[in-house]
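Colleague: Below is one structure. I have some questions about it.
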Amino acid sequence: MLTKKGLKPPGYLKTGTTIVGVVCKDCVVLGADTRATAGSIVADKNCEKIHNMAPNILCCGAGTAADTEAVTDNISSQLKLHRYHTGRESRVVTALTLLKSHLFRYQGHVSAALVLGGVDVTGPHLHTIYPHGSTDTLPFATMGSGSLAAMAIFESEYREGLTRDEGVNLVTKAICSGIFNDLGSGSNVDICVIEKGKTEYLRNHLTPNPRTYISSKGYTFSKKTEVLHTKITPLKELVDVVQVGGDAMEE
Amino acid sequence: MSIFEYNGSALVAMVGKNCFAIASDRRLGVQLQTIATDFQRIFKIHDKLFLGLSGLGSDAQTLHQRLVFRHKLYQLREERDMKPETFASLVSAMLYEKRFGPYFCQPVIAGLGEDDKPFICTMDSIGAKELAKDFVVAGTASESLYGACESMFKPDMDHEELFETISQALISSVDRDCLSGWGGHVYIVTPTEVTERILKGRMD
């Protein structure tokens with residue numbers, strides 16, 4: 001109603017983003033950048049875009065930050081309850097179906113674009129999920145504003161049957177391509193390697209944008225702040241109770 | 001004019017060595033007219049947890065009342081105060097509940113957690129948490145505040161230096177924003193005491 005009267009809706013925190021995934025021989029490697037934007041301002045220089053769905057399944061999220069956080073937390077809880085119910089390790093297709101049903105129900109208003117990857121009893125899997133609820137199953141995938149830059153790297157260098165280290169290098173290269181060429185992505189590279197029985201989260205695997213311009217002396221102020229009024233409230237301290245000789249209470 | 005710029009606000013929180021500081025401006029306006037110069041934006045939830053709410057004044061007050069209610073219930077049930085991390089998750093959940101009809105507020109949460117380790121966090125109006133290790137900003141003056149804090153902040157400052165830094169960052173940023181200002185309100189919290197100071201700023 002308010003938008004019809006010309007009121008511009010508020011800008012939410014978005015993860016401009018480059019997120020990628022690649023299926024290697026027996027493992028899945030996921031990668032993400034770490035920049036969160038509010039309009040054109042960088043709100044968070046080191047945010048976490050790789051979310052935990054299950055011990056063997058992880059999900060990278062692009063789009064509105066609150067939506068990716070909320071939808072992955074919600075489905076992660078549902079998967080845990082399902083694990084308790086069935087007594088089995090979660091499967092990637094279960095997470096996929098729960099996520100796509102949720103997003104479809106909200107008809108694209110929950111703006112979350114996800115790259116879901118994991119290794120379960122049926123093998124390594126990688127899927128992309130779009131905000132309206134459609135999914136793709138792919139050997140390599142990219143999402144977010146930097147997806148074109150990252151896909152360019154994948155299309156030229158992907159081969160079937162990559163080893164774990166080749167996969168990590170390829171993913172790092174793709175994310176760096178997004179960081180340096182896309183304005184919505186930046187800062188550091190986060191990697192996650194999922195293998196059968198083992199998940200390794202390499203937070204800040206590569207930091208190609210360190211802060212080098214700070215002066216070691218720090219900032220000095222020429223004029224002190226003018227204070228009108230000061231009020232100091234000491235926080236309550238625990239009182240020591242000292243037992244003095246007799247006079248103890250008798251039961 | 002955006003709904004977030006209706007009342008005008010500026011909030012900043014910074015982490016120091018075993019202490020934290022949270023500061024706000026004091027103006028309450030109705031678009032370009034100022035109607036109060038002593039508006040409270042920072043609220044105490046418990047001795048070691050402070051909440052600042054920027055954005056629409058009405059939503060800030062309502063959200064504050066609801067959060068105090070939830071915290072009091074928590075205190076009755078758990079017989080202890082809420083940890084800052086838990087409180088941040090509570091605020092985030094309450095904001096996301098209203099995903100398609102949100103509170104027009106951006107909270108800034110600052111507290112001393114376990115072992116008196118300082119914790120600060122901010123969120124957008126639908127609850128996307130941003131946990132920072134150095135400083136967080138919110139409000140109409142946020143762009144200036146980002147710049148000022150980025151250059152003035154140093155890690156591990158003691159409470160005297162932290163006060164000076166946060167005050168200078170706040171005052172210089174609100175001076176570049178028409179909708180916030182009229183002085184400043186700074187809280188410095190250490191494990192032993194809370195110091196509340198009112199700053200003198202430009203009254204324009």
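A note on labels: chains of the structure tokens are A, B, ... as shown, every chain counts residues from 1, and ligands are counted from 1 in their shown order.
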When you look at A:Leu170 with a cut-off of 12 Å (counting only C-alpha atoms), what residues show up, excluding the ones that are within fewer than 2 positions of it in the same chain? I need them as a VMD selection string.

Modeller: chain A and resid 20 to 24 29 to 31 140 150 to 159 162 to 168 172 to 177 191

Colleague: Produce a file of the selected residues containing C-alpha atoms, as an mmCIF file, in the first residue's frame.

Modeller:
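For reference, selection-v2.cif as written:
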data_model
loop_
_atom_site.group_PDB
_atom_site.id
_atom_site.type_symbol
_atom_site.label_atom_id
_atom_site.label_comp_id
_atom_site.auth_asym_id
_atom_site.auth_seq_id
_atom_site.Cartn_x
_atom_site.Cartn_y
_atom_site.Cartn_z
ATOM 1 C CA VAL A 20 30.552 -21.772 -6.303
ATOM 2 C CA GLY A 21 30.607 -25.537 -5.976
ATOM 3 C CA VAL A 22 32.448 -28.315 -7.777
ATOM 4 C CA VAL A 23 32.155 -32.099 -7.663
ATOM 5 C CA CYS A 24 35.537 -33.791 -7.560
ATOM 6 C CA VAL A 29 34.284 -28.444 -2.770
ATOM 7 C CA LEU A 30 32.220 -25.327 -1.996
ATOM 8 C CA GLY A 31 33.563 -21.775 -2.069
ATOM 9 C CA PHE A 140 30.018 -27.426 -11.215
ATOM 10 C CA ALA A 150 33.391 -17.567 -11.702
ATOM 11 C CA MET A 151 31.647 -19.601 -14.417
ATOM 12 C CA ALA A 152 34.162 -18.318 -16.956
ATOM 13 C CA ILE A 153 36.930 -19.951 -14.906
ATOM 14 C CA PHE A 154 34.986 -23.195 -14.532
ATOM 15 C CA GLU A 155 34.036 -23.471 -18.183
ATOM 16 C CA SER A 156 37.662 -23.151 -19.254
ATOM 17 C CA GLU A 157 39.346 -25.257 -16.572
ATOM 18 C CA TYR A 158 36.909 -27.882 -15.258
ATOM 19 C CA ARG A 159 37.646 -31.556 -15.989
ATOM 20 C CA LEU A 162 39.513 -33.692 -10.260
ATOM 21 C CA THR A 163 41.443 -34.524 -7.100
ATOM 22 C CA ARG A 164 40.708 -32.743 -3.806
ATOM 23 C CA ASP A 165 43.632 -30.309 -4.145
ATOM 24 C CA GLU A 166 42.909 -29.555 -7.808
ATOM 25 C CA GLY A 167 39.294 -28.893 -6.810
ATOM 26 C CA VAL A 168 40.323 -26.502 -4.013
ATOM 27 C CA THR A 172 39.849 -20.560 -5.129
ATOM 28 C CA LYS A 173 40.599 -19.304 -8.626
ATOM 29 C CA ALA A 174 36.889 -18.963 -9.438
ATOM 30 C CA ILE A 175 36.116 -17.039 -6.240
ATOM 31 C CA CYS A 176 39.107 -14.760 -6.773
ATOM 32 C CA SER A 177 37.796 -14.049 -10.259
ATOM 33 C CA ILE A 191 36.369 -22.939 1.194
#

Colleague: Hey, what does DSSP flag as helix (DSSP H, G or I) within stretch 36-176 of chain A? Can you give it to me as a ChimeraX atom specification?

Modeller: /A:65-86,92-105,147-157,164-176

Colleague: Within 6 Å of chain B, which residues of chain A show up when using only C-alpha atoms, listed as a PDB file with N, CA, C and O atoms, in the first residue's frame?

Modeller:
ATOM      1  N   LYS A   8       9.663   4.474  -0.941  1.00  0.00           N
ATOM      2  CA  LYS A   8      10.673   3.505  -1.379  1.00  0.00           C
ATOM      3  C   LYS A   8      10.910   2.503  -0.250  1.00  0.00           C
ATOM      4  O   LYS A   8      11.179   2.909   0.879  1.00  0.00           O
ATOM      5  N   ALA A  65      20.542 -11.411   2.916  1.00  0.00           N
ATOM      6  CA  ALA A  65      21.242 -12.140   3.982  1.00  0.00           C
ATOM      7  C   ALA A  65      20.306 -12.768   5.007  1.00  0.00           C
ATOM      8  O   ALA A  65      20.486 -13.923   5.399  1.00  0.00           O
ATOM      9  N   ALA A  66      19.287 -12.004   5.449  1.00  0.00           N
ATOM     10  CA  ALA A  66      18.362 -12.537   6.457  1.00  0.00           C
ATOM     11  C   ALA A  66      17.641 -13.770   5.924  1.00  0.00           C
ATOM     12  O   ALA A  66      17.424 -14.743   6.644  1.00  0.00           O
ATOM     13  N   TYR A 219      45.460   6.879  15.258  1.00  0.00           N
ATOM     14  CA  TYR A 219      44.891   8.208  15.027  1.00  0.00           C
ATOM     15  C   TYR A 219      45.074   9.038  16.292  1.00  0.00           C
ATOM     16  O   TYR A 219      44.818   8.561  17.380  1.00  0.00           O
ATOM     17  N   GLU A 226      34.208  17.513  24.286  1.00  0.00           N
ATOM     18  CA  GLU A 226      33.629  18.289  25.393  1.00  0.00           C
ATOM     19  C   GLU A 226      32.494  17.489  26.005  1.00  0.00           C
ATOM     20  O   GLU A 226      31.581  17.072  25.313  1.00  0.00           O
ATOM     21  N   VAL A 227      32.584  17.303  27.319  1.00  0.00           N
ATOM     22  CA  VAL A 227      31.575  16.525  28.032  1.00  0.00           C
ATOM     23  C   VAL A 227      30.736  17.453  28.889  1.00  0.00           C
ATOM     24  O   VAL A 227      31.262  18.288  29.608  1.00  0.00           O
ATOM     25  N   LEU A 228      29.405  17.281  28.813  1.00  0.00           N
ATOM     26  CA  LEU A 228      28.529  18.137  29.617  1.00  0.00           C
ATOM     27  C   LEU A 228      28.256  17.518  30.981  1.00  0.00           C
ATOM     28  O   LEU A 228      28.156  18.204  31.971  1.00  0.00           O
ATOM     29  N   HIS A 229      28.110  16.191  30.975  1.00  0.00           N
ATOM     30  CA  HIS A 229      27.631  15.538  32.190  1.00  0.00           C
ATOM     31  C   HIS A 229      28.156  14.108  32.241  1.00  0.00           C
ATOM     32  O   HIS A 229      28.146  13.420  31.233  1.00  0.00           O
ATOM     33  N   THR A 230      28.635  13.683  33.415  1.00  0.00           N
ATOM     34  CA  THR A 230      29.126  12.301  33.556  1.00  0.00           C
ATOM     35  C   THR A 230      28.407  11.617  34.694  1.00  0.00           C
ATOM     36  O   THR A 230      28.204  12.214  35.749  1.00  0.00           O
ATOM     37  N   LYS A 231      28.036  10.354  34.477  1.00  0.00           N
ATOM     38  CA  LYS A 231      27.402   9.592  35.573  1.00  0.00           C
ATOM     39  C   LYS A 231      28.041   8.214  35.602  1.00  0.00           C
ATOM     40  O   LYS A 231      28.016   7.497  34.604  1.00  0.00           O
ATOM     41  N   ILE A 232      28.634   7.870  36.746  1.00  0.00           N
ATOM     42  CA  ILE A 232      29.303   6.563  36.855  1.00  0.00           C
ATOM     43  C   ILE A 232      28.488   5.662  37.771  1.00  0.00           C
ATOM     44  O   ILE A 232      28.185   6.034  38.907  1.00  0.00           O
ATOM     45  N   THR A 233      28.122   4.484  37.266  1.00  0.00           N
ATOM     46  CA  THR A 233      27.344   3.536  38.068  1.00  0.00           C
ATOM     47  C   THR A 233      28.209   2.307  38.303  1.00  0.00           C
ATOM     48  O   THR A 233      28.491   1.581  37.353  1.00  0.00           O
ATOM     49  N   PRO A 234      28.629   2.079  39.538  1.00  0.00           N
ATOM     50  CA  PRO A 234      29.400   0.839  39.739  1.00  0.00           C
ATOM     51  C   PRO A 234      28.470  -0.365  39.611  1.00  0.00           C
ATOM     52  O   PRO A 234      27.322  -0.302  40.034  1.00  0.00           O
ATOM     53  N   LEU A 235      28.961  -1.435  39.016  1.00  0.00           N
ATOM     54  CA  LEU A 235      28.133  -2.628  38.886  1.00  0.00           C
ATOM     55  C   LEU A 235      28.145  -3.361  40.210  1.00  0.00           C
ATOM     56  O   LEU A 235      29.116  -3.337  40.920  1.00  0.00           O
TER      57      LEU A 235
END

Colleague: Choose the residue, out of A:Gly16, A:Gly87, A:Pro55, A:Gly161, that has the smallest atom-to-atom separation from A:Ser147; count only C-alpha atoms.

Modeller: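 Closest to A:Ser147 of all the choices is A:Gly16.
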
Colleague: Nearest to B:Phe119 among B:Leu53, B:Cys19, B:Leu162, B:Met94, with distances taken over only C-alpha atoms: which residue is it?

Modeller: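 Looking at the shortest contact to B:Phe119, the residue is B:Cys19.
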
Colleague: Need the shell around B:Leu11: protein/DNA/RNA residues with any atom at most 7 Å away, counting only C-alpha atoms. Skip same-chain ones fewer than 3 positions apart. Format as a list in words?

Modeller: Ala23, Ser24, Asp25, Gly52, Ser54, Val137, Ala138 and Gly139 of chain B

Colleague: Those residues with N, CA, C and O atoms, as a PDB file, in the first residue's frame please?

Modeller:
ATOM      1  N   ALA B  23      27.342   4.444  21.575  1.00  0.00           N
ATOM      2  CA  ALA B  23      27.040   5.868  21.551  1.00  0.00           C
ATOM      3  C   ALA B  23      25.935   6.166  20.565  1.00  0.00           C
ATOM      4  O   ALA B  23      25.797   5.480  19.552  1.00  0.00           O
ATOM      5  N   SER B  24      25.156   7.217  20.856  1.00  0.00           N
ATOM      6  CA  SER B  24      24.105   7.612  19.936  1.00  0.00           C
ATOM      7  C   SER B  24      24.019   9.124  19.914  1.00  0.00           C
ATOM      8  O   SER B  24      24.564   9.808  20.777  1.00  0.00           O
ATOM      9  N   ASP B  25      23.269   9.662  18.941  1.00  0.00           N
ATOM     10  CA  ASP B  25      23.014  11.100  18.931  1.00  0.00           C
ATOM     11  C   ASP B  25      21.761  11.325  19.781  1.00  0.00           C
ATOM     12  O   ASP B  25      21.219  10.385  20.357  1.00  0.00           O
ATOM     13  N   GLY B  52      20.885  -0.537  21.290  1.00  0.00           N
ATOM     14  CA  GLY B  52      20.617   0.741  20.657  1.00  0.00           C
ATOM     15  C   GLY B  52      19.688   0.487  19.486  1.00  0.00           C
ATOM     16  O   GLY B  52      19.850  -0.504  18.771  1.00  0.00           O
ATOM     17  N   SER B  54      18.077   2.261  16.059  1.00  0.00           N
ATOM     18  CA  SER B  54      18.022   3.413  15.159  1.00  0.00           C
ATOM     19  C   SER B  54      16.866   3.210  14.205  1.00  0.00           C
ATOM     20  O   SER B  54      16.326   2.123  14.087  1.00  0.00           O
ATOM     21  N   VAL B 137      27.955   0.161  13.086  1.00  0.00           N
ATOM     22  CA  VAL B 137      27.291   1.466  12.977  1.00  0.00           C
ATOM     23  C   VAL B 137      25.876   1.270  12.459  1.00  0.00           C
ATOM     24  O   VAL B 137      25.575   0.266  11.814  1.00  0.00           O
ATOM     25  N   ALA B 138      24.995   2.240  12.734  1.00  0.00           N
ATOM     26  CA  ALA B 138      23.623   2.191  12.210  1.00  0.00           C
ATOM     27  C   ALA B 138      23.070   3.598  12.168  1.00  0.00           C
ATOM     28  O   ALA B 138      23.573   4.488  12.860  1.00  0.00           O
ATOM     29  N   GLY B 139      22.023   3.803  11.382  1.00  0.00           N
ATOM     30  CA  GLY B 139      21.358   5.091  11.366  1.00  0.00           C
ATOM     31  C   GLY B 139      21.582   5.881  10.097  1.00  0.00           C
ATOM     32  O   GLY B 139      22.225   5.426   9.161  1.00  0.00           O
TER      33      GLY B 139
END

Colleague: In Å, how far is it from atom CA of B:Thr62 to atom CA of B:Glu97?

Modeller: 14.9 Å

Colleague: Find the distance between atom CA of B:Ala169 and atom CA of B:Thr34 and write it in Å to one decimal.

Modeller: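 Result for atom CA of B:Ala169 versus atom CA of B:Thr34: 22.5 Å, one decimal.
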
Colleague: Could you check which of B:Ile120, B:Leu73, B:Leu28, B:Ile109 is closest to B:Cys178, using only C-alpha atoms?

Modeller: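 Going through B:Ile120, B:Leu73, B:Leu28, B:Ile109 one by one, the smallest distance to B:Cys178 is for B:Leu28.
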
Colleague: For atom CA of A:Leu126 and atom CA of A:Pro139, determine how far apart the two atoms are, in Å to one decimal place.

Modeller: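 So the two atoms, atom CA of A:Leu126 and atom CA of A:Pro139, lie 6.6 Å apart.
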
Colleague: So, with only C-alpha atoms as the atoms that count, which of A:Thr17, A:Thr135, A:Asn204, A:Thr72 lies closest to A:Asn188?

Modeller: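 Selected residue with least distance to A:Asn188: A:Asn204.
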